[in-house]
file upload_18.cif (mmCIF, C-alpha atoms and all ligand atoms)
data_upload
loop_
_atom_site.group_PDB
_atom_site.id
_atom_site.type_symbol
_atom_site.label_atom_id
_atom_site.label_comp_id
_atom_site.auth_asym_id
_atom_site.auth_seq_id
_atom_site.Cartn_x
_atom_site.Cartn_y
_atom_site.Cartn_z
ATOM 1 C CA MET C 1 0.000 0.000 0.000
ATOM 2 C CA SER C 2 1.233 3.445 -0.773
ATOM 3 C CA LYS C 3 -0.667 5.028 2.160
ATOM 4 C CA LYS C 4 1.110 5.562 5.450
ATOM 5 C CA ASP C 5 -0.531 4.477 8.704
ATOM 6 C CA ASP C 6 -0.785 8.032 10.030
ATOM 7 C CA GLU C 7 -2.634 9.408 7.001
ATOM 8 C CA PRO C 8 -6.026 10.935 7.914
ATOM 9 C CA ILE C 9 -9.227 8.957 7.509
ATOM 10 C CA PRO C 10 -11.362 10.518 4.757
ATOM 11 C CA PRO C 11 -14.656 11.898 6.114
ATOM 12 C CA SER C 12 -17.419 9.275 6.047
ATOM 13 C CA LYS C 13 -20.052 9.341 3.337
ATOM 14 C CA LYS C 14 -23.668 8.384 3.788
ATOM 15 C CA ASP C 15 -23.885 6.100 0.724
ATOM 16 C CA LEU C 16 -21.754 3.880 -1.466
ATOM 17 C CA LEU C 17 -23.247 4.225 -4.935
ATOM 18 C CA ASP C 18 -20.407 3.791 -7.425
ATOM 19 C CA ILE C 19 -16.635 3.934 -7.802
ATOM 20 C CA ALA C 20 -16.626 7.021 -10.015
ATOM 21 C CA SER C 21 -17.695 9.241 -7.100
ATOM 22 C CA LEU C 22 -15.004 7.918 -4.726
ATOM 23 C CA SER C 23 -11.694 9.727 -4.542
ATOM 24 C CA VAL C 24 -8.432 7.798 -4.732
ATOM 25 C CA GLU C 25 -7.926 8.588 -1.006
ATOM 26 C CA GLU C 26 -11.323 7.089 -0.166
ATOM 27 C CA ILE C 27 -10.602 3.974 -2.238
ATOM 28 C CA GLU C 28 -7.171 3.589 -0.640
ATOM 29 C CA TYR C 29 -8.715 3.962 2.816
ATOM 30 C CA LEU C 30 -11.380 1.313 2.137
ATOM 31 C CA LEU C 31 -8.788 -1.122 0.741
ATOM 32 C CA LYS C 32 -6.473 -0.484 3.636
ATOM 33 C CA SER C 33 -9.153 -0.947 6.281
ATOM 34 C CA ALA C 34 -10.357 -4.195 4.671
ATOM 35 C CA GLY C 35 -6.994 -5.784 5.574
ATOM 36 C CA PRO C 36 -7.549 -5.982 9.360
ATOM 37 C CA PHE C 37 -11.108 -7.199 8.798
ATOM 38 C CA LYS C 38 -9.728 -10.061 6.721
ATOM 39 C CA GLU C 39 -7.285 -10.888 9.549
ATOM 40 C CA LEU C 40 -10.336 -11.492 11.750
ATOM 41 C CA PHE C 41 -11.314 -14.463 9.599
ATOM 42 C CA LYS C 42 -8.326 -16.421 10.976
ATOM 43 C CA ARG C 43 -9.628 -16.139 14.533
ATOM 44 C CA SER C 44 -12.014 -18.615 16.138
ATOM 45 C CA ILE C 45 -14.346 -15.715 16.978
ATOM 46 C CA LYS C 46 -14.735 -13.735 13.748
ATOM 47 C CA LYS C 47 -16.961 -10.988 15.132
ATOM 48 C CA VAL C 48 -16.369 -7.393 16.191
ATOM 49 C CA PRO C 49 -18.935 -5.215 17.968
ATOM 50 C CA ALA C 50 -18.539 -2.243 15.572
ATOM 51 C CA LEU C 51 -22.179 -2.204 14.380
ATOM 52 C CA ARG C 52 -23.869 -3.568 17.506
ATOM 53 C CA GLY C 53 -27.372 -2.096 17.729
ATOM 54 C CA LYS C 54 -27.405 -1.150 14.015
ATOM 55 C CA SER C 55 -29.677 -2.760 11.466
ATOM 56 C CA VAL C 56 -28.816 -3.814 7.917
ATOM 57 C CA LEU C 57 -31.422 -4.756 5.361
ATOM 58 C CA ASN C 58 -30.627 -6.749 2.225
ATOM 59 C CA LEU C 59 -33.044 -5.887 -0.575
ATOM 60 C CA PHE C 60 -32.264 -7.855 -3.731
ATOM 61 C CA TYR C 61 -34.616 -7.368 -6.688
ATOM 62 C CA GLU C 62 -32.270 -9.457 -8.866
ATOM 63 C CA PRO C 63 -30.774 -12.880 -8.088
ATOM 64 C CA SER C 64 -27.468 -13.040 -6.230
ATOM 65 C CA THR C 65 -25.400 -15.682 -4.470
ATOM 66 C CA ARG C 66 -22.070 -14.007 -3.675
ATOM 67 C CA THR C 67 -23.046 -10.391 -3.045
ATOM 68 C CA SER C 68 -26.142 -11.050 -0.940
ATOM 69 C CA SER C 69 -24.545 -13.729 1.248
ATOM 70 C CA SER C 70 -21.317 -11.744 1.520
ATOM 71 C CA PHE C 71 -23.141 -8.608 2.728
ATOM 72 C CA GLU C 72 -25.067 -10.749 5.193
ATOM 73 C CA VAL C 73 -21.904 -12.374 6.571
ATOM 74 C CA ALA C 74 -20.102 -8.998 6.645
ATOM 75 C CA ALA C 75 -22.912 -7.314 8.598
ATOM 76 C CA LYS C 76 -23.189 -10.227 11.034
ATOM 77 C CA ARG C 77 -19.424 -10.192 11.635
ATOM 78 C CA MET C 78 -19.840 -6.510 12.555
ATOM 79 C CA SER C 79 -22.577 -7.589 15.057
ATOM 80 C CA ALA C 80 -25.351 -5.761 13.172
ATOM 81 C CA ASP C 81 -28.910 -7.086 13.083
ATOM 82 C CA VAL C 82 -29.510 -8.323 9.547
ATOM 83 C CA THR C 83 -32.787 -8.796 7.695
ATOM 84 C CA ASN C 84 -32.917 -10.363 4.249
ATOM 85 C CA LEU C 85 -36.123 -9.296 2.545
ATOM 86 C CA SER C 86 -37.251 -11.909 0.084
ATOM 87 C CA VAL C 87 -38.535 -9.678 -2.702
ATOM 88 C CA SER C 88 -40.515 -12.509 -4.342
ATOM 89 C CA GLN C 89 -42.363 -13.076 -1.044
ATOM 90 C CA SER C 90 -42.830 -9.386 -0.241
ATOM 91 C CA SER C 91 -45.504 -6.822 -1.037
ATOM 92 C CA VAL C 92 -43.449 -5.907 -4.133
ATOM 93 C CA VAL C 93 -45.393 -8.657 -5.923
ATOM 94 C CA LYS C 94 -48.589 -6.798 -4.954
ATOM 95 C CA GLY C 95 -47.313 -3.756 -6.834
ATOM 96 C CA GLU C 96 -45.521 -1.846 -4.052
ATOM 97 C CA SER C 97 -42.906 0.523 -5.523
ATOM 98 C CA VAL C 98 -39.239 0.576 -4.528
ATOM 99 C CA LEU C 99 -39.694 3.995 -2.897
ATOM 100 C CA ASP C 100 -42.708 2.839 -0.869
ATOM 101 C CA THR C 101 -40.849 -0.316 0.151
ATOM 102 C CA VAL C 102 -37.911 1.775 1.326
ATOM 103 C CA ASP C 103 -40.240 4.177 3.199
ATOM 104 C CA THR C 104 -41.683 1.187 5.031
ATOM 105 C CA LEU C 105 -38.217 -0.048 5.933
ATOM 106 C CA GLN C 106 -37.223 3.459 6.992
ATOM 107 C CA ALA C 107 -40.166 3.518 9.385
ATOM 108 C CA MET C 108 -38.516 0.519 11.070
ATOM 109 C CA LYS C 109 -35.377 2.663 11.577
ATOM 110 C CA THR C 110 -33.168 0.581 9.291
ATOM 111 C CA ASP C 111 -29.645 2.042 9.287
ATOM 112 C CA TYR C 112 -28.169 0.463 6.131
ATOM 113 C CA ILE C 113 -30.000 -0.738 3.028
ATOM 114 C CA VAL C 114 -28.099 -2.950 0.597
ATOM 115 C CA ILE C 115 -29.901 -2.902 -2.741
ATOM 116 C CA ARG C 116 -29.590 -4.704 -6.052
ATOM 117 C CA HIS C 117 -31.959 -3.697 -8.826
ATOM 118 C CA LYS C 118 -32.144 -4.211 -12.585
ATOM 119 C CA ALA C 119 -32.697 -0.473 -13.165
ATOM 120 C CA ALA C 120 -29.568 1.669 -13.240
ATOM 121 C CA GLY C 121 -29.860 4.640 -10.888
ATOM 122 C CA ILE C 122 -32.287 3.162 -8.331
ATOM 123 C CA PRO C 123 -29.666 3.278 -5.505
ATOM 124 C CA ASN C 124 -28.988 6.984 -6.288
ATOM 125 C CA LEU C 125 -32.714 7.708 -6.195
ATOM 126 C CA LEU C 126 -33.074 5.965 -2.833
ATOM 127 C CA ALA C 127 -30.009 7.669 -1.391
ATOM 128 C CA ASN C 128 -31.765 11.037 -1.831
ATOM 129 C CA HIS C 129 -34.974 9.656 -0.389
ATOM 130 C CA THR C 130 -33.930 7.973 2.855
ATOM 131 C CA ARG C 131 -31.738 8.612 5.877
ATOM 132 C CA ALA C 132 -30.457 5.037 5.779
ATOM 133 C CA SER C 133 -27.073 4.483 4.148
ATOM 134 C CA ILE C 134 -27.565 2.986 0.700
ATOM 135 C CA LEU C 135 -25.026 0.430 -0.484
ATOM 136 C CA ASN C 136 -25.320 -0.356 -4.181
ATOM 137 C CA ALA C 137 -25.051 -4.116 -4.666
ATOM 138 C CA GLY C 138 -25.406 -3.775 -8.450
ATOM 139 C CA ASP C 139 -27.821 -1.636 -10.508
ATOM 140 C CA GLY C 140 -28.457 -2.597 -14.127
ATOM 141 C CA PHE C 141 -25.498 -1.867 -16.396
ATOM 142 C CA HIS C 142 -24.357 0.954 -14.103
ATOM 143 C CA ALA C 143 -22.238 0.046 -11.087
ATOM 144 C CA HIS C 144 -21.176 -2.652 -8.625
ATOM 145 C CA PRO C 145 -18.816 -0.765 -6.319
ATOM 146 C CA THR C 146 -18.138 -3.452 -3.716
ATOM 147 C CA GLN C 147 -17.242 -5.901 -6.515
ATOM 148 C CA ALA C 148 -14.675 -3.383 -7.777
ATOM 149 C CA LEU C 149 -13.269 -2.903 -4.279
ATOM 150 C CA LEU C 150 -12.875 -6.640 -3.755
ATOM 151 C CA ASP C 151 -11.274 -6.996 -7.187
ATOM 152 C CA ALA C 152 -8.724 -4.284 -6.449
ATOM 153 C CA PHE C 153 -8.059 -5.690 -2.971
ATOM 154 C CA THR C 154 -7.486 -9.177 -4.422
ATOM 155 C CA PHE C 155 -5.224 -7.916 -7.234
ATOM 156 C CA ARG C 156 -3.123 -6.042 -4.695
ATOM 157 C CA GLU C 157 -2.869 -9.061 -2.418
ATOM 158 C CA VAL C 158 -0.984 -10.929 -5.140
ATOM 159 C CA ILE C 159 0.669 -7.877 -6.748
ATOM 160 C CA PRO C 160 1.245 -5.340 -3.941
ATOM 161 C CA GLU C 161 3.060 -2.872 -6.219
ATOM 162 C CA SER C 162 0.221 -2.713 -8.686
ATOM 163 C CA ARG C 163 0.708 0.721 -10.280
ATOM 164 C CA GLY C 164 1.666 0.224 -13.943
ATOM 165 C CA LYS C 165 0.579 -3.445 -13.916
ATOM 166 C CA ARG C 166 -1.886 -4.722 -16.482
ATOM 167 C CA ILE C 167 -5.291 -6.370 -16.470
ATOM 168 C CA VAL C 168 -7.426 -7.360 -19.425
ATOM 169 C CA ILE C 169 -11.185 -7.745 -19.075
ATOM 170 C CA VAL C 170 -12.656 -10.255 -21.527
ATOM 171 C CA GLY C 171 -16.302 -10.603 -22.492
ATOM 172 C CA ASP C 172 -19.559 -8.708 -22.486
ATOM 173 C CA ILE C 173 -18.313 -5.280 -21.427
ATOM 174 C CA LEU C 174 -21.399 -3.410 -22.658
ATOM 175 C CA HIS C 175 -23.872 -5.013 -20.252
ATOM 176 C CA SER C 176 -21.475 -5.385 -17.350
ATOM 177 C CA ARG C 177 -21.681 -3.171 -14.293
ATOM 178 C CA VAL C 178 -18.698 -5.159 -13.034
ATOM 179 C CA ALA C 179 -16.583 -4.103 -16.031
ATOM 180 C CA ARG C 180 -17.662 -0.486 -15.579
ATOM 181 C CA SER C 181 -16.826 -0.322 -11.847
ATOM 182 C CA THR C 182 -13.766 -2.551 -11.992
ATOM 183 C CA SER C 183 -12.149 -0.726 -14.911
ATOM 184 C CA THR C 184 -12.824 2.573 -13.111
ATOM 185 C CA ILE C 185 -11.177 1.450 -9.880
ATOM 186 C CA PHE C 186 -8.128 -0.005 -11.653
ATOM 187 C CA ASN C 187 -7.866 3.168 -13.699
ATOM 188 C CA LYS C 188 -7.899 5.287 -10.524
ATOM 189 C CA LEU C 189 -5.253 3.066 -8.946
ATOM 190 C CA GLY C 190 -2.918 3.299 -11.933
ATOM 191 C CA VAL C 191 -3.421 -0.260 -13.221
ATOM 192 C CA GLU C 192 -3.598 -0.402 -17.031
ATOM 193 C CA VAL C 193 -6.871 -1.849 -18.322
ATOM 194 C CA ALA C 194 -7.472 -3.431 -21.725
ATOM 195 C CA VAL C 195 -10.618 -5.104 -23.031
ATOM 196 C CA LEU C 196 -11.432 -7.907 -25.434
ATOM 197 C CA GLY C 197 -14.881 -8.931 -26.594
ATOM 198 C CA PRO C 198 -17.275 -9.001 -29.525
ATOM 199 C CA GLY C 199 -17.231 -5.532 -31.172
ATOM 200 C CA PRO C 200 -20.879 -4.689 -30.421
ATOM 201 C CA LEU C 201 -20.293 -5.603 -26.753
ATOM 202 C CA ILE C 202 -17.470 -3.072 -26.311
ATOM 203 C CA PRO C 203 -18.970 0.336 -25.517
ATOM 204 C CA PRO C 204 -17.501 3.251 -27.474
ATOM 205 C CA GLY C 205 -16.093 6.386 -25.879
ATOM 206 C CA ARG C 206 -14.819 4.985 -22.596
ATOM 207 C CA ASN C 207 -11.482 6.403 -21.525
ATOM 208 C CA ASP C 208 -10.858 3.976 -18.652
ATOM 209 C CA PHE C 209 -9.814 1.253 -21.120
ATOM 210 C CA ILE C 210 -6.394 2.163 -22.381
ATOM 211 C CA LYS C 211 -6.467 -0.522 -25.026
ATOM 212 C CA ARG C 212 -9.029 -2.422 -27.078
ATOM 213 C CA LEU C 213 -7.629 -5.789 -28.077
ATOM 214 C CA SER C 214 -8.874 -7.780 -31.070
ATOM 215 C CA SER C 215 -7.965 -11.361 -30.222
ATOM 216 C CA TRP C 216 -6.486 -13.658 -27.592
ATOM 217 C CA GLU C 217 -3.204 -13.443 -29.520
ATOM 218 C CA ASP C 218 -3.279 -9.703 -28.778
ATOM 219 C CA VAL C 219 -3.987 -10.494 -25.108
ATOM 220 C CA PHE C 220 -0.898 -12.699 -24.809
ATOM 221 C CA ASP C 221 1.226 -10.194 -26.746
ATOM 222 C CA TRP C 222 0.156 -7.427 -24.320
ATOM 223 C CA LYS C 223 1.429 -9.569 -21.386
ATOM 224 C CA PRO C 224 -1.223 -8.812 -18.774
ATOM 225 C CA ASP C 225 -0.634 -9.632 -15.116
ATOM 226 C CA ALA C 226 -4.252 -10.808 -14.792
ATOM 227 C CA VAL C 227 -7.039 -11.836 -17.119
ATOM 228 C CA TYR C 228 -10.525 -10.998 -15.829
ATOM 229 C CA LEU C 229 -13.241 -13.069 -17.497
ATOM 230 C CA LEU C 230 -16.881 -11.978 -17.592
ATOM 231 C CA ARG C 231 -20.044 -13.986 -18.002
ATOM 232 C CA VAL C 232 -22.108 -13.278 -21.107
ATOM 233 C CA GLN C 233 -25.174 -11.561 -19.676
ATOM 234 C CA MET C 234 -27.873 -13.128 -21.842
ATOM 235 C CA GLU C 235 -30.556 -11.782 -19.466
ATOM 236 C CA ARG C 236 -29.593 -8.193 -20.390
ATOM 237 C CA GLN C 237 -29.404 -8.712 -24.163
ATOM 238 C CA ASP C 238 -32.489 -8.108 -26.264
ATOM 239 C CA GLU C 239 -30.610 -8.585 -29.528
ATOM 240 C CA GLN C 240 -28.096 -11.138 -30.760
ATOM 241 C CA PHE C 241 -24.502 -9.925 -30.496
ATOM 242 C CA PHE C 242 -22.807 -13.161 -31.668
ATOM 243 C CA PRO C 243 -24.011 -16.311 -33.461
ATOM 244 C CA SER C 244 -24.091 -18.762 -30.497
ATOM 245 C CA LEU C 245 -22.477 -19.527 -27.141
ATOM 246 C CA THR C 246 -20.393 -22.257 -28.820
ATOM 247 C CA GLU C 247 -19.106 -19.667 -31.284
ATOM 248 C CA TYR C 248 -18.454 -17.239 -28.428
ATOM 249 C CA HIS C 249 -16.372 -19.873 -26.615
ATOM 250 C CA LYS C 250 -14.297 -20.534 -29.741
ATOM 251 C CA VAL C 251 -13.508 -16.872 -30.372
ATOM 252 C CA TYR C 252 -13.572 -15.169 -26.957
ATOM 253 C CA GLY C 253 -13.601 -17.958 -24.352
ATOM 254 C CA LEU C 254 -10.656 -19.221 -22.352
ATOM 255 C CA THR C 255 -10.324 -22.517 -24.241
ATOM 256 C CA SER C 256 -8.008 -25.392 -23.180
ATOM 257 C CA GLU C 257 -5.336 -24.184 -25.568
ATOM 258 C CA ARG C 258 -5.511 -20.561 -24.392
ATOM 259 C CA PHE C 259 -5.559 -21.719 -20.793
ATOM 260 C CA LYS C 260 -2.292 -23.605 -21.387
ATOM 261 C CA THR C 261 -0.684 -20.424 -22.727
ATOM 262 C CA LEU C 262 -2.054 -18.345 -19.850
ATOM 263 C CA ALA C 263 -0.770 -20.860 -17.268
ATOM 264 C CA SER C 264 2.641 -21.034 -18.929
ATOM 265 C CA GLU C 265 2.883 -17.227 -18.593
ATOM 266 C CA GLY C 266 1.838 -17.428 -14.907
ATOM 267 C CA THR C 267 -0.973 -14.923 -15.499
ATOM 268 C CA TYR C 268 -3.538 -14.577 -12.707
ATOM 269 C CA LEU C 269 -7.152 -15.431 -13.492
ATOM 270 C CA MET C 270 -10.113 -13.496 -12.100
ATOM 271 C CA HIS C 271 -13.883 -13.738 -12.515
ATOM 272 C CA PRO C 272 -16.676 -12.049 -10.535
ATOM 273 C CA GLY C 273 -18.939 -15.116 -10.779
ATOM 274 C CA PRO C 274 -21.262 -16.714 -11.484
ATOM 275 C CA VAL C 275 -19.181 -18.725 -13.950
ATOM 276 C CA ASN C 276 -20.633 -20.331 -17.088
ATOM 277 C CA ARG C 277 -18.298 -23.269 -17.667
ATOM 278 C CA GLY C 278 -17.809 -24.083 -21.319
ATOM 279 C CA VAL C 279 -18.750 -20.552 -22.393
ATOM 280 C CA GLU C 280 -16.245 -17.969 -21.093
ATOM 281 C CA ILE C 281 -14.085 -20.528 -19.290
ATOM 282 C CA VAL C 282 -13.031 -24.121 -19.801
ATOM 283 C CA ASP C 283 -13.533 -26.511 -16.856
ATOM 284 C CA GLU C 284 -9.871 -27.165 -16.058
ATOM 285 C CA ALA C 285 -9.146 -23.454 -15.601
ATOM 286 C CA MET C 286 -11.352 -23.518 -12.487
ATOM 287 C CA LEU C 287 -8.627 -25.578 -10.767
ATOM 288 C CA TYR C 288 -5.760 -23.310 -11.845
ATOM 289 C CA GLU C 289 -3.382 -22.512 -9.000
ATOM 290 C CA LYS C 290 -3.298 -18.861 -10.012
ATOM 291 C CA SER C 291 -7.070 -18.537 -10.157
ATOM 292 C CA LEU C 292 -8.131 -15.820 -7.714
ATOM 293 C CA ILE C 293 -11.840 -16.575 -8.010
ATOM 294 C CA ASN C 294 -12.314 -18.003 -4.495
ATOM 295 C CA GLN C 295 -10.011 -15.361 -3.035
ATOM 296 C CA GLN C 296 -12.261 -12.704 -4.617
ATOM 297 C CA VAL C 297 -15.263 -14.224 -2.829
ATOM 298 C CA GLU C 298 -13.476 -14.323 0.534
ATOM 299 C CA ASN C 299 -12.243 -10.755 0.131
ATOM 300 C CA GLY C 300 -15.772 -9.612 -0.670
ATOM 301 C CA ILE C 301 -16.656 -10.025 3.009
ATOM 302 C CA ALA C 302 -13.673 -7.953 4.185
ATOM 303 C CA VAL C 303 -14.281 -5.029 1.816
ATOM 304 C CA ARG C 304 -18.002 -5.014 2.639
ATOM 305 C CA MET C 305 -17.137 -4.892 6.342
ATOM 306 C CA ALA C 306 -14.839 -1.958 5.583
ATOM 307 C CA ALA C 307 -17.608 -0.197 3.638
ATOM 308 C CA LEU C 308 -20.206 -0.704 6.374
ATOM 309 C CA TYR C 309 -17.704 0.525 8.954
ATOM 310 C CA TRP C 310 -16.871 3.693 7.010
ATOM 311 C CA LEU C 311 -20.349 4.800 5.946
ATOM 312 C CA LYS C 312 -22.363 6.983 8.264
ATOM 313 C CA PRO C 313 -26.129 6.601 8.069
ATOM 314 C CA GLY C 314 -28.307 9.614 8.719
ATOM 315 C CA THR C 315 -30.641 7.644 10.969
ATOM 316 C CA GLU C 316 -29.244 9.158 14.149
ATOM 317 C CA GLU C 317 -29.831 12.715 12.980
ATOM 318 C CA LYS C 318 -33.017 14.535 14.017
HETATM 319 N N1 LIG P 401 -20.296 -11.123 -8.512
HETATM 320 C C1 LIG P 401 -21.609 -11.057 -8.237
HETATM 321 O O1 LIG P 401 -22.222 -9.983 -8.198
HETATM 322 O O2 LIG P 401 -22.174 -12.289 -8.001
HETATM 323 P P1 LIG P 401 -23.688 -12.518 -7.542
HETATM 324 O O3 LIG P 401 -24.573 -12.145 -8.693
HETATM 325 O O4 LIG P 401 -23.778 -13.975 -7.173
HETATM 326 O O5 LIG P 401 -23.947 -11.620 -6.363
#

call {"tool": "encode", "arguments": {"input": "upload_18.cif", "output": "structure tokens", "more": "lines below"}}
Ligand code: CP
result
Amino acid sequence: MSKKDDEPIPPSKKDLLDIASLSVEEIEYLLKSAGPFKELFKRSIKKVPALRGKSVLNLFYEPSTRTSSSFEVAAKRMSADVTNLSVSQSSVVKGESVLDTVDTLQAMKTDYIVIRHKAAGIPNLLANHTRASILNAGDGFHAHPTQALLDAFTFREVIPESRGKRIVIVGDILHSRVARSTSTIFNKLGVEVAVLGPGPLIPPGRNDFIKRLSSWEDVFDWKPDAVYLLRVQMERQDEQFFPSLTEYHKVYGLTSERFKTLASEGTYLMHPGPVNRGVEIVDEAMLYEKSLINQQVENGIAVRMAALYWLKPGTEEK
């Protein structure tokens, strides 16, 4: 870490909505404070009392395995009271709006609301509407800030001097909030970001990708320190961007042959999950010794603890 221990803590924010609105100092602080939280995981008692008496509500309008469970574990390890609202079993199915749902939860004095929604911008809307801290757990194509924080934390764990290092993101960049937030954080931290994917799935006019690669040969020539694979987000595509998933695997997937080259170069492998084996990644790559995929999941808890610890809800104000 480039930060010294005696550097001041950046003033708390109420909400964590995206990476773009965080300063480098704030990102560095969150990454730095996630370290001691991760150390806790080695202890037999993995809990701290930091959020005792506070309440955290998980509100997921889209499916999630990693993010929802990770936020739940993180909040419980901070001793917060956690409620997971099952949207499919809630009054949402009776037509209740997101704002009315949040008003109801606010009436229960919820301090932190973790929200995932298919519509980009919903967390920003809620942040202006409620005194609870809003933590964006993924909104449409827009942002997934805690994923980006855990990605940067993981990259730095294996490459502590990361400035000037290289990462290439491969896949459906256009529909990926992960690509948007993760490329932004790496850009802010001085890590060079390149992308590879089907032309129509690479958004134009983004200056956080320093390079647009055309093939896996280009990827290997560029000599990245890590390759970050993305799932093809079929659920967000209303038109066909490539002929078939088999075709996608042949042209853009990490095939057996490409995996052999990647392993021979000692390149790290990252993926936010969930993984579609046989599409963006071949089975054997899941067992690769330099795969950081499980480490990313573990680190998700630590960075979410750091985020919960840093944010300051407005629920105590008059
Ligand atoms: N990486 C990620 O957001 O995974 P989930 O959809 O399982 O939360």

call {"tool": "atom_distance", "arguments": {"input": "upload_18.cif", "atom1": "atom CA of C:Leu31", "atom2": "atom CA of C:Phe153"}}
result
5.9 Å

call {"tool": "atom_distance", "arguments": {"input": "upload_18.cif", "atom1": "atom CA of C:Glu289", "atom2": "atom CA of C:Gly266"}}
result
9.4 Å

call {"tool": "residues_near_ligand", "arguments": {"input": "upload_18.cif", "ligand": "ligand LIG 401 (chain P)", "cutoff": "6 Å", "atoms": "all atoms listed in the file", "output": "number ranges by chain"}}
result
C: 64-68, 272-274

call {"tool": "resolve_selection", "arguments": {"input": "upload_18.cif", "expression": "the PyMOL selection byres (((chain C and resi 306) around 10) and not hetatm)", "output": "ChimeraX atom specification"}}
result
/C:29-38,74,78,146,300-305,307-311

call {"tool": "atom_distance", "arguments": {"input": "upload_18.cif", "atom1": "atom CA of C:Gln106", "atom2": "atom CA of C:Pro10"}}
result
26.9 Å

call {"tool": "closest_residue", "arguments": {"input": "upload_18.cif", "among": "C:Tyr268, C:Tyr288, C:Phe186, C:Trp216", "to": "C:His249", "atoms": "all atoms listed in the file"}}
result
C:Trp216

call {"tool": "residues_around", "arguments": {"input": "upload_18.cif", "residues": "stretch 178-184 of chain C", "least_positions_apart": "6", "cutoff": "6 Å", "atoms": "all atoms listed in the file", "output": "list in words"}}
result
Ile19, Ala143, His144, Pro145 and Ala148 of chain C

call {"tool": "resolve_selection", "arguments": {"input": "upload_18.cif", "expression": "the PyMOL selection byres (((chain C and resi 84-94) around 7) and not hetatm)", "output": "list in words"}}
result
Leu57, Asn58, Leu59, Phe60, Tyr61, Val82, Thr83, Gly95, Glu96 and Ser97 of chain C

call {"tool": "closest_residue", "arguments": {"input": "upload_18.cif", "among": "C:Lys42, C:Gly138, C:Met108, C:Lys188", "to": "C:Glu28", "atoms": "all atoms listed in the file"}}
result
C:Lys188

call {"tool": "closest_atom_pairs", "arguments": {"input": "upload_18.cif", "of": "stretch 99-216 of chain C", "to": "stretch 51-56 of chain C", "cutoff": "12 Å", "atoms": "only C-alpha atoms", "output": "CSV"}}
result
residue,atom,partner,partner_atom,distance
C:Leu105,CA,C:Val56,CA,10.3
C:Gln106,CA,C:Ser55,CA,10.8
C:Met108,CA,C:Ser55,CA,9.4
C:Lys109,CA,C:Ser55,CA,7.9
C:Thr110,CA,C:Ser55,CA,5.3
C:Asp111,CA,C:Ser55,CA,5.3
C:Tyr112,CA,C:Val56,CA,4.7
C:Ile113,CA,C:Val56,CA,5.9
C:Val114,CA,C:Val56,CA,7.4
C:Ile115,CA,C:Val56,CA,10.8
C:Ala132,CA,C:Val56,CA,9.3
C:Ser133,CA,C:Val56,CA,9.3
C:Ile134,CA,C:Val56,CA,10.0
C:Leu135,CA,C:Val56,CA,10.1

call {"tool": "resolve_selection", "arguments": {"input": "upload_18.cif", "expression": "the PyMOL selection byres (((chain C and resi 131) around 6) and not hetatm)", "output": "VMD selection string"}}
result
chain C and resid 130 132 314 to 315

call {"tool": "residues_around", "arguments": {"input": "upload_18.cif", "residues": "C:Val195", "least_positions_apart": "4", "cutoff": "6 Å", "atoms": "all atoms listed in the file", "output": "list of chain:residue names"}}
result
C:Val168, C:Ile169, C:Val170, C:Arg212, C:Leu213

call {"tool": "write_last_selection", "arguments": {"input": "upload_18.cif", "atoms": "C-alpha atoms", "output": "PDB file, in the frame of the given file"}}
result
ATOM      1  CA  VAL C 168      -7.426  -7.360 -19.425  1.00  0.00           C
ATOM      2  CA  ILE C 169     -11.185  -7.745 -19.075  1.00  0.00           C
ATOM      3  CA  VAL C 170     -12.656 -10.255 -21.527  1.00  0.00           C
ATOM      4  CA  ARG C 212      -9.029  -2.422 -27.078  1.00  0.00           C
ATOM      5  CA  LEU C 213      -7.629  -5.789 -28.077  1.00  0.00           C
TER       6      LEU C 213
END

call {"tool": "closest_residue", "arguments": {"input": "upload_18.cif", "among": "C:Pro224, C:Pro63, C:Pro123, C:Pro243", "to": "C:Gly164", "atoms": "all atoms listed in the file"}}
result
C:Pro224

call {"tool": "residues_around", "arguments": {"input": "upload_18.cif", "residues": "C:Ile9", "least_positions_apart": "3", "cutoff": "9 Å", "atoms": "all atoms listed in the file", "output": "list in words"}}
result
Asp6, Ser12, Glu25, Glu26 and Tyr29 of chain C
